[in-house]
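To start, the structure itself, in structure tokens.
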Amino acid sequence: MSNVAGDWAGRALAAVMERVTTTEAQVGERFPLYAEPRDGVWKTTGRGSWTGGFWAGLLWLRARYSGSEADRRTAAGRTAALAPWADADTVTRGLIFWYPTALADGDPRAAALQERAARAVLAARDPELGVVPWGDAFGGPRLLARADGVPGTVPLLATVAPGAAAEHLRRHLDLCLGTEGEPLPAWRFEGGDVGWQPCEEPGRGWNRGRAWLLLAVADALLLPEVAAHDRVRLTEAARRLLSLEGVLSGPSVLPDDHAAPYGPLDTSAAAITAVALLKLARLPEDWAHACSRRGAVTLSALAENHLTYGGSGRPAGMLLDGCYDAGRGLAERHELVWGDFFLALGLASLNGLVDLTRV
């Protein structure tokens with residue numbers, strides 16, 4: 001493994017990879033969701049939920065890190081176990097399937113699963129609304145458009161229908177960035193003359209919502225077939241999101257809700273933002289240097305202030321201070337599997353293991 005980012009990045013990546021191994025031993029054939037900060041014990045799910053792809057993605061990152069064929073087989077097996085989600089009515093199939101299959105290094109089963117999932121997402125698209133709806137797999141209204149329904153979905157859908165991927169993102173940007181200030185991350189379609197209306201939850205201050213949008217825009221700008229549909233609009237959206245407080249300046253790790261500045265932090269949003277910034281740094285734009293620097297600074301802050309390294313009674317490699325859902329009081333100061341994944345992805349990029357233009 002080459003380490004071009006400095007000792008801190010190599011040490012942090014080693015800790016996170018160690019955590020993947022301790023997590024694997026703990027969860028077995030199940031999928032981790034979030035872990036208690038005191039002892040690192042995971043809350044798990046049998047099928048993976050919307051987060052299953054992040055666990056499979058972490059296993060693929062470990063396989064790259066170790067070079068072990070046994071680790072590749074494990075990653076391939078956990079990716080294959082996600083197959084039932086291809087038939088579920090949820091736009092989060094983008095999150096579930098894109099990251100593990102994009103990291104799968106030519107594994108034929110993963111490639112076939114990626115195509116199956118992409119075509120299923122395309123089949124669920126509502127051409128009149130211009131989006132793949134949120135879906136009803138997790139209950140609640142089906143006709144929603146949410147910020148977490150675009151990352152992963154855009155590059156996955158682009159593998160079979162770039163125009164549909166571009167339209168899906170465009171409609172979400174029209175809604176979420178249609179007013180000044182913080183994005184409005186969730187909308188419901190009421191039909192008739194009422195049309196799209198903003199949801200109360202998650203609200204305007206949801207930090208992870210803006211992170212998901214920034215990641216989706218970065219993904220689209222790195223996909224020539226998608227960016228060609230609307231490069232000017234995507235560039236404007238990137239500039240709008242980069243101008244928000246805390247993205248390129250101020251504290252790297254922000255509260256889960258900007259409307260509750262003394263509430264819990266969300267390190268997972270910071271890790272997502274860091275990866276998005278490192279992606280935007282690959283573009284020939286005037287923001288490239290600032291994005292590159294801020295992305296590395298954010299990862300460094302996470303590694304220094306929120307990552308465990310053992311010796312405290314907790315496993316090494318836990319990214320603490322993630323917030324699953326503050327509104328429900330769910331896992332407000334915990335280790336989150338997607339926080340671990342995006343931290344690992346960013347660190348792997350700094351260490352030369354991953355090309356972020358392809359994941």
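The chains in the structure tokens are called A, B, ... from first to last as shown; in each chain the residues are counted from 1, and the ligands are counted from 1 in the order shown.
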
Show me a table, sorted first by chain and then by increasing residue number, of the residues of stretch 63-92 of chain A having an atom at most 12 Å from stretch 39-46 of chain A, each with its shortest atom pair and the distance in Å to one decimal, counting only C-alpha atoms and written as CSV.
residue,atom,partner,partner_atom,distance
A:Arg78,CA,A:Gly46,CA,11.4
A:Ala81,CA,A:Gly46,CA,10.0
A:Leu82,CA,A:Gly46,CA,10.3
A:Pro84,CA,A:Gly46,CA,11.9

### Task
Name the residues of stretch 170-344 of chain A that fall into strand (DSSP E or B) according to DSSP on the backbone, using the chain letters and numbers of this document, as an NGL selection string.
:A and (186-189 or 196-198 or 206 or 255 or 257 or 265 or 307 or 319 or 322 or 325 or 330 or 334-336)

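Near stretch 118-130 of chain A, within a cut-off of 8 Å and counting only C-alpha atoms, sit the residues Ala86, Asp87, Asp89, Val91, Arg93, Leu156, Leu157, Thr159, Val160, Ala161, Ala164, Glu167, His168 and Arg171 of chain A, with same-chain residues fewer than 6 positions away left out.
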
Kindly save the residues from that selection, with C-alpha atoms included, as an mmCIF file, in the first residue's frame.
data_model
loop_
_atom_site.group_PDB
_atom_site.id
_atom_site.type_symbol
_atom_site.label_atom_id
_atom_site.label_comp_id
_atom_site.auth_asym_id
_atom_site.auth_seq_id
_atom_site.Cartn_x
_atom_site.Cartn_y
_atom_site.Cartn_z
ATOM 1 C CA ALA A 86 -33.007 -5.371 -6.381
ATOM 2 C CA ASP A 87 -36.739 -6.136 -6.343
ATOM 3 C CA ASP A 89 -39.477 -0.586 -4.111
ATOM 4 C CA VAL A 91 -34.709 4.470 -4.503
ATOM 5 C CA ARG A 93 -31.162 0.791 -4.145
ATOM 6 C CA LEU A 156 -26.066 3.421 -10.942
ATOM 7 C CA LEU A 157 -28.867 4.645 -13.206
ATOM 8 C CA THR A 159 -24.942 2.800 -16.408
ATOM 9 C CA VAL A 160 -28.169 2.038 -18.314
ATOM 10 C CA ALA A 161 -29.913 5.405 -18.880
ATOM 11 C CA ALA A 164 -32.900 9.397 -16.809
ATOM 12 C CA GLU A 167 -33.345 14.124 -15.000
ATOM 13 C CA HIS A 168 -33.621 12.395 -11.613
ATOM 14 C CA ARG A 171 -35.609 17.383 -10.381
#

### Message
Residues within 9 Å of A:Phe189, please, as a VMD selection string. Count only C-alpha atoms; anything in the same chain fewer than 5 positions from it doesn't count.
### Response
chain A and resid 129 142 to 145 194 to 198

Could you write those residues out with all heavy atoms, as a short mmCIF file (atom, residue, chain, number, x, y, z; two decimals), in the first residue's frame?
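Output saved as out_5.cif:
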data_model
loop_
_atom_site.label_atom_id
_atom_site.label_comp_id
_atom_site.auth_asym_id
_atom_site.auth_seq_id
_atom_site.Cartn_x
_atom_site.Cartn_y
_atom_site.Cartn_z
N LEU A 129 -43.17 12.53 -13.29
CA LEU A 129 -42.55 13.29 -12.20
C LEU A 129 -41.07 13.54 -12.45
O LEU A 129 -40.48 14.43 -11.83
CB LEU A 129 -42.73 12.55 -10.88
CG LEU A 129 -44.17 12.34 -10.40
CD1 LEU A 129 -44.18 11.63 -9.05
CD2 LEU A 129 -44.91 13.66 -10.31
N ARG A 142 -45.06 6.87 -0.75
CA ARG A 142 -44.17 6.40 -1.79
C ARG A 142 -43.62 7.54 -2.64
O ARG A 142 -42.46 7.52 -3.04
CB ARG A 142 -44.91 5.41 -2.69
CG ARG A 142 -44.06 4.87 -3.82
CD ARG A 142 -44.79 3.83 -4.65
NE ARG A 142 -43.85 3.24 -5.60
CZ ARG A 142 -43.59 3.77 -6.80
NH1 ARG A 142 -44.22 4.88 -7.18
NH2 ARG A 142 -42.71 3.19 -7.59
N LEU A 143 -44.46 8.54 -2.91
CA LEU A 143 -44.08 9.60 -3.84
C LEU A 143 -43.34 10.72 -3.12
O LEU A 143 -43.87 11.83 -2.91
CB LEU A 143 -45.31 10.13 -4.59
CG LEU A 143 -46.01 9.12 -5.50
CD1 LEU A 143 -47.19 9.78 -6.20
CD2 LEU A 143 -45.03 8.54 -6.52
N LEU A 144 -42.14 10.40 -2.72
CA LEU A 144 -41.25 11.37 -2.08
C LEU A 144 -40.03 11.58 -2.97
O LEU A 144 -39.62 10.68 -3.71
CB LEU A 144 -40.78 10.89 -0.72
CG LEU A 144 -41.82 10.65 0.38
CD1 LEU A 144 -41.13 10.15 1.65
CD2 LEU A 144 -42.61 11.91 0.66
N ALA A 145 -39.43 12.76 -2.83
CA ALA A 145 -38.12 13.06 -3.41
C ALA A 145 -37.25 13.55 -2.27
O ALA A 145 -37.54 14.57 -1.66
CB ALA A 145 -38.23 14.11 -4.51
N VAL A 194 -51.79 20.73 -6.36
CA VAL A 194 -50.92 20.95 -5.19
C VAL A 194 -49.47 20.66 -5.54
O VAL A 194 -48.56 21.42 -5.20
CB VAL A 194 -51.38 20.06 -4.02
CG1 VAL A 194 -50.46 20.26 -2.81
CG2 VAL A 194 -52.82 20.39 -3.65
N GLY A 195 -49.23 19.56 -6.26
CA GLY A 195 -47.88 19.23 -6.70
C GLY A 195 -46.96 18.87 -5.56
O GLY A 195 -47.35 18.23 -4.58
N TRP A 196 -45.71 19.29 -5.66
CA TRP A 196 -44.69 18.97 -4.67
C TRP A 196 -44.78 19.92 -3.47
O TRP A 196 -44.88 21.13 -3.64
CB TRP A 196 -43.29 19.09 -5.28
CG TRP A 196 -42.97 18.03 -6.28
CD1 TRP A 196 -43.01 18.13 -7.64
CD2 TRP A 196 -42.53 16.69 -6.00
NE1 TRP A 196 -42.64 16.95 -8.23
CE2 TRP A 196 -42.33 16.05 -7.25
CE3 TRP A 196 -42.29 15.97 -4.83
CZ2 TRP A 196 -41.91 14.73 -7.36
CZ3 TRP A 196 -41.86 14.66 -4.94
CH2 TRP A 196 -41.67 14.05 -6.17
N GLN A 197 -44.71 19.35 -2.28
CA GLN A 197 -44.75 20.13 -1.05
C GLN A 197 -43.60 19.67 -0.14
O GLN A 197 -43.30 18.48 -0.07
CB GLN A 197 -46.08 19.94 -0.32
CG GLN A 197 -47.28 20.47 -1.07
CD GLN A 197 -47.23 21.98 -1.26
OE1 GLN A 197 -46.94 22.72 -0.31
NE2 GLN A 197 -47.48 22.44 -2.48
N PRO A 198 -42.95 20.62 0.58
CA PRO A 198 -41.84 20.22 1.45
C PRO A 198 -42.32 19.41 2.65
O PRO A 198 -43.40 19.65 3.18
CB PRO A 198 -41.24 21.56 1.90
CG PRO A 198 -42.36 22.54 1.75
CD PRO A 198 -43.18 22.07 0.59
#

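The gap separating atom CA of A:Arg293 from atom CA of A:Ala63 is 27.7 Å, in Å to one decimal.
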
### Contacts of A:Phe54 at 12 Å (only C-alpha atoms; same-chain gap of 4+ positions) as a ChimeraX atom specification
/A:20,31-34,48-50,58-61,75,78-79,82,92-103,152,336-345

Please produce an output containing N, CA and C atoms for each residue in the selection, written as a compact mmCIF listing (two decimals), in the first residue's frame.
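Writing the result to part.txt gives the following:
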# COMPACT_ATOMS: atom_id res chain seq x y z
N VAL A 20 -13.07 -3.29 10.45
CA VAL A 20 -13.84 -4.15 9.55
C VAL A 20 -13.71 -5.61 9.98
N PHE A 31 -25.81 -7.84 8.94
CA PHE A 31 -25.25 -6.58 8.46
C PHE A 31 -25.27 -5.56 9.60
N PRO A 32 -24.17 -4.83 9.82
CA PRO A 32 -24.14 -3.84 10.89
C PRO A 32 -24.87 -2.55 10.49
N LEU A 33 -25.55 -1.94 11.46
CA LEU A 33 -26.21 -0.65 11.26
C LEU A 33 -25.49 0.46 12.03
N TYR A 34 -25.50 0.34 13.36
CA TYR A 34 -24.82 1.32 14.20
C TYR A 34 -24.34 0.62 15.47
N GLY A 48 -29.88 -6.29 5.64
CA GLY A 48 -29.00 -5.20 5.25
C GLY A 48 -29.62 -3.83 5.26
N SER A 49 -30.96 -3.75 5.14
CA SER A 49 -31.66 -2.47 5.09
C SER A 49 -31.02 -1.57 4.03
N TRP A 50 -31.20 -0.24 4.15
CA TRP A 50 -30.64 0.67 3.15
C TRP A 50 -29.14 0.85 3.30
N LEU A 58 -17.27 -1.76 2.52
CA LEU A 58 -16.13 -1.82 3.44
C LEU A 58 -15.34 -3.11 3.26
N LEU A 59 -16.05 -4.21 3.01
CA LEU A 59 -15.36 -5.47 2.80
C LEU A 59 -14.55 -5.45 1.51
N TRP A 60 -15.06 -4.80 0.46
CA TRP A 60 -14.28 -4.66 -0.77
C TRP A 60 -13.05 -3.76 -0.54
N LEU A 61 -13.21 -2.71 0.25
CA LEU A 61 -12.06 -1.86 0.56
C LEU A 61 -11.01 -2.66 1.35
N ALA A 75 -16.13 -10.41 0.54
CA ALA A 75 -16.80 -9.22 -0.01
C ALA A 75 -17.80 -9.62 -1.09
N ARG A 78 -20.97 -11.16 0.58
CA ARG A 78 -21.87 -10.18 1.20
C ARG A 78 -22.56 -9.31 0.15
N THR A 79 -21.89 -9.04 -0.96
CA THR A 79 -22.53 -8.29 -2.05
C THR A 79 -23.65 -9.10 -2.66
N LEU A 82 -27.07 -9.17 -1.00
CA LEU A 82 -27.94 -8.01 -1.14
C LEU A 82 -28.93 -8.16 -2.30
N THR A 92 -33.36 3.91 -2.54
CA THR A 92 -32.09 3.68 -1.86
C THR A 92 -31.36 2.46 -2.41
N ARG A 93 -31.94 1.81 -3.43
CA ARG A 93 -31.16 0.79 -4.15
C ARG A 93 -29.88 1.39 -4.71
N GLY A 94 -29.86 2.71 -4.95
CA GLY A 94 -28.62 3.35 -5.37
C GLY A 94 -27.54 3.23 -4.32
N LEU A 95 -27.90 3.50 -3.05
CA LEU A 95 -26.95 3.36 -1.96
C LEU A 95 -26.58 1.90 -1.72
N ILE A 96 -27.57 1.03 -1.86
CA ILE A 96 -27.35 -0.38 -1.56
C ILE A 96 -26.41 -1.04 -2.57
N PHE A 97 -26.59 -0.71 -3.86
CA PHE A 97 -25.88 -1.46 -4.90
C PHE A 97 -24.70 -0.75 -5.53
N TRP A 98 -24.69 0.58 -5.59
CA TRP A 98 -23.62 1.23 -6.34
C TRP A 98 -22.26 1.02 -5.70
N TYR A 99 -22.13 1.28 -4.42
CA TYR A 99 -20.80 1.31 -3.81
C TYR A 99 -20.12 -0.05 -3.78
N PRO A 100 -20.79 -1.13 -3.37
CA PRO A 100 -20.08 -2.42 -3.41
C PRO A 100 -19.78 -2.89 -4.82
N THR A 101 -20.70 -2.67 -5.76
CA THR A 101 -20.43 -3.17 -7.12
C THR A 101 -19.39 -2.32 -7.83
N ALA A 102 -19.33 -1.02 -7.52
CA ALA A 102 -18.31 -0.18 -8.13
C ALA A 102 -16.91 -0.49 -7.62
N LEU A 103 -16.83 -1.06 -6.42
CA LEU A 103 -15.53 -1.41 -5.81
C LEU A 103 -15.14 -2.86 -6.06
N GLY A 152 -25.42 7.62 -5.28
CA GLY A 152 -25.46 6.21 -5.64
C GLY A 152 -26.45 5.95 -6.75
N LEU A 336 -21.62 4.73 12.94
CA LEU A 336 -22.57 4.39 11.88
C LEU A 336 -21.82 3.69 10.75
N VAL A 337 -22.41 2.65 10.18
CA VAL A 337 -21.68 1.89 9.17
C VAL A 337 -21.39 2.74 7.94
N TRP A 338 -22.28 3.65 7.57
CA TRP A 338 -21.98 4.49 6.40
C TRP A 338 -20.95 5.56 6.73
N GLY A 339 -20.86 5.99 7.99
CA GLY A 339 -19.79 6.89 8.37
C GLY A 339 -18.43 6.22 8.24
N ASP A 340 -18.35 4.98 8.73
CA ASP A 340 -17.12 4.20 8.57
C ASP A 340 -16.76 4.04 7.09
N PHE A 341 -17.79 3.76 6.27
CA PHE A 341 -17.52 3.52 4.85
C PHE A 341 -16.95 4.76 4.17
N PHE A 342 -17.57 5.91 4.35
CA PHE A 342 -17.09 7.10 3.65
C PHE A 342 -15.75 7.58 4.21
N LEU A 343 -15.52 7.39 5.50
CA LEU A 343 -14.19 7.69 6.03
C LEU A 343 -13.16 6.78 5.37
N ALA A 344 -13.45 5.48 5.30
CA ALA A 344 -12.52 4.53 4.68
C ALA A 344 -12.31 4.85 3.21
N LEU A 345 -13.39 5.21 2.50
CA LEU A 345 -13.27 5.53 1.08
C LEU A 345 -12.38 6.75 0.87

### Query
DSSP says helix (DSSP H, G or I) for which residues of stretch 127-179 of chain A? Put them as a list in words?
Ala147, Asp148, Gly149, Thr153, Val154, Pro155, Leu156, Leu157, Ala158, Pro162, Gly163, Ala164, Ala165, Ala166, Glu167, His168, Leu169, Arg170, Arg171, His172, Leu173, Asp174, Leu175 and Cys176 of chain A

### Task
Please provide the set of residues having any atom within 12 Å of A:Gly250, restricted to only C-alpha atoms, with same-chain residues fewer than 6 positions apart removed, written as a count of residues only.
5

### Message
At a cut-off of 9 Å, using only C-alpha atoms, what residues contact A:Leu241? Leave out same-chain residues fewer than 2 positions from it and give the result as a list in words.
### Response
Leu177, Glu182, Pro183, Arg210, Ala211, Leu213, Leu214, Glu236, Ala237, Ala238, Arg239, Ser243, Leu244 and Val247 of chain A

Go ahead and dump the residues you just picked, N, CA, C and O atoms, as an mmCIF file, in the first residue's frame.
data_model
loop_
_atom_site.group_PDB
_atom_site.id
_atom_site.type_symbol
_atom_site.label_atom_id
_atom_site.label_comp_id
_atom_site.auth_asym_id
_atom_site.auth_seq_id
_atom_site.Cartn_x
_atom_site.Cartn_y
_atom_site.Cartn_z
ATOM 1 N N LEU A 177 -32.879 22.718 -3.834
ATOM 2 C CA LEU A 177 -32.126 23.974 -3.887
ATOM 3 C C LEU A 177 -32.954 25.111 -4.471
ATOM 4 O O LEU A 177 -32.413 26.134 -4.878
ATOM 5 N N GLU A 182 -30.291 27.109 3.490
ATOM 6 C CA GLU A 182 -30.048 25.669 3.560
ATOM 7 C C GLU A 182 -31.009 24.919 2.634
ATOM 8 O O GLU A 182 -32.148 25.327 2.438
ATOM 9 N N PRO A 183 -30.558 23.800 2.063
ATOM 10 C CA PRO A 183 -31.437 23.014 1.197
ATOM 11 C C PRO A 183 -32.656 22.487 1.954
ATOM 12 O O PRO A 183 -32.621 22.265 3.168
ATOM 13 N N ARG A 210 -27.552 17.998 3.026
ATOM 14 C CA ARG A 210 -26.685 18.789 2.152
ATOM 15 C C ARG A 210 -25.463 17.986 1.702
ATOM 16 O O ARG A 210 -24.992 18.133 0.569
ATOM 17 N N ALA A 211 -24.964 17.102 2.587
ATOM 18 C CA ALA A 211 -23.824 16.255 2.219
ATOM 19 C C ALA A 211 -24.197 15.298 1.091
ATOM 20 O O ALA A 211 -23.427 15.121 0.135
ATOM 21 N N LEU A 213 -26.504 15.709 -1.160
ATOM 22 C CA LEU A 213 -26.667 16.474 -2.397
ATOM 23 C C LEU A 213 -25.316 16.821 -3.015
ATOM 24 O O LEU A 213 -25.133 16.712 -4.231
ATOM 25 N N LEU A 214 -24.372 17.242 -2.185
ATOM 26 C CA LEU A 214 -23.047 17.580 -2.701
ATOM 27 C C LEU A 214 -22.389 16.358 -3.333
ATOM 28 O O LEU A 214 -21.762 16.459 -4.404
ATOM 29 N N GLU A 236 -23.356 25.168 -11.243
ATOM 30 C CA GLU A 236 -23.990 26.172 -10.395
ATOM 31 C C GLU A 236 -24.442 25.555 -9.070
ATOM 32 O O GLU A 236 -24.303 26.182 -8.004
ATOM 33 N N ALA A 237 -24.986 24.339 -9.134
ATOM 34 C CA ALA A 237 -25.417 23.664 -7.908
ATOM 35 C C ALA A 237 -24.226 23.379 -7.000
ATOM 36 O O ALA A 237 -24.309 23.540 -5.772
ATOM 37 N N ALA A 238 -23.110 22.948 -7.590
ATOM 38 C CA ALA A 238 -21.914 22.696 -6.794
ATOM 39 C C ALA A 238 -21.452 23.972 -6.100
ATOM 40 O O ALA A 238 -21.124 23.958 -4.907
ATOM 41 N N ARG A 239 -21.438 25.072 -6.825
ATOM 42 C CA ARG A 239 -21.006 26.343 -6.221
ATOM 43 C C ARG A 239 -21.955 26.756 -5.090
ATOM 44 O O ARG A 239 -21.517 27.257 -4.049
ATOM 45 N N SER A 243 -20.788 27.003 -1.096
ATOM 46 C CA SER A 243 -20.854 28.303 -0.412
ATOM 47 C C SER A 243 -21.493 28.208 0.962
ATOM 48 O O SER A 243 -21.432 29.169 1.747
ATOM 49 N N LEU A 244 -22.124 27.071 1.282
ATOM 50 C CA LEU A 244 -22.787 26.928 2.566
ATOM 51 C C LEU A 244 -21.760 26.898 3.692
ATOM 52 O O LEU A 244 -20.675 26.339 3.562
ATOM 53 N N VAL A 247 -18.824 24.037 4.728
ATOM 54 C CA VAL A 247 -18.395 23.129 3.664
ATOM 55 C C VAL A 247 -16.937 23.369 3.322
ATOM 56 O O VAL A 247 -16.126 22.437 3.341
#
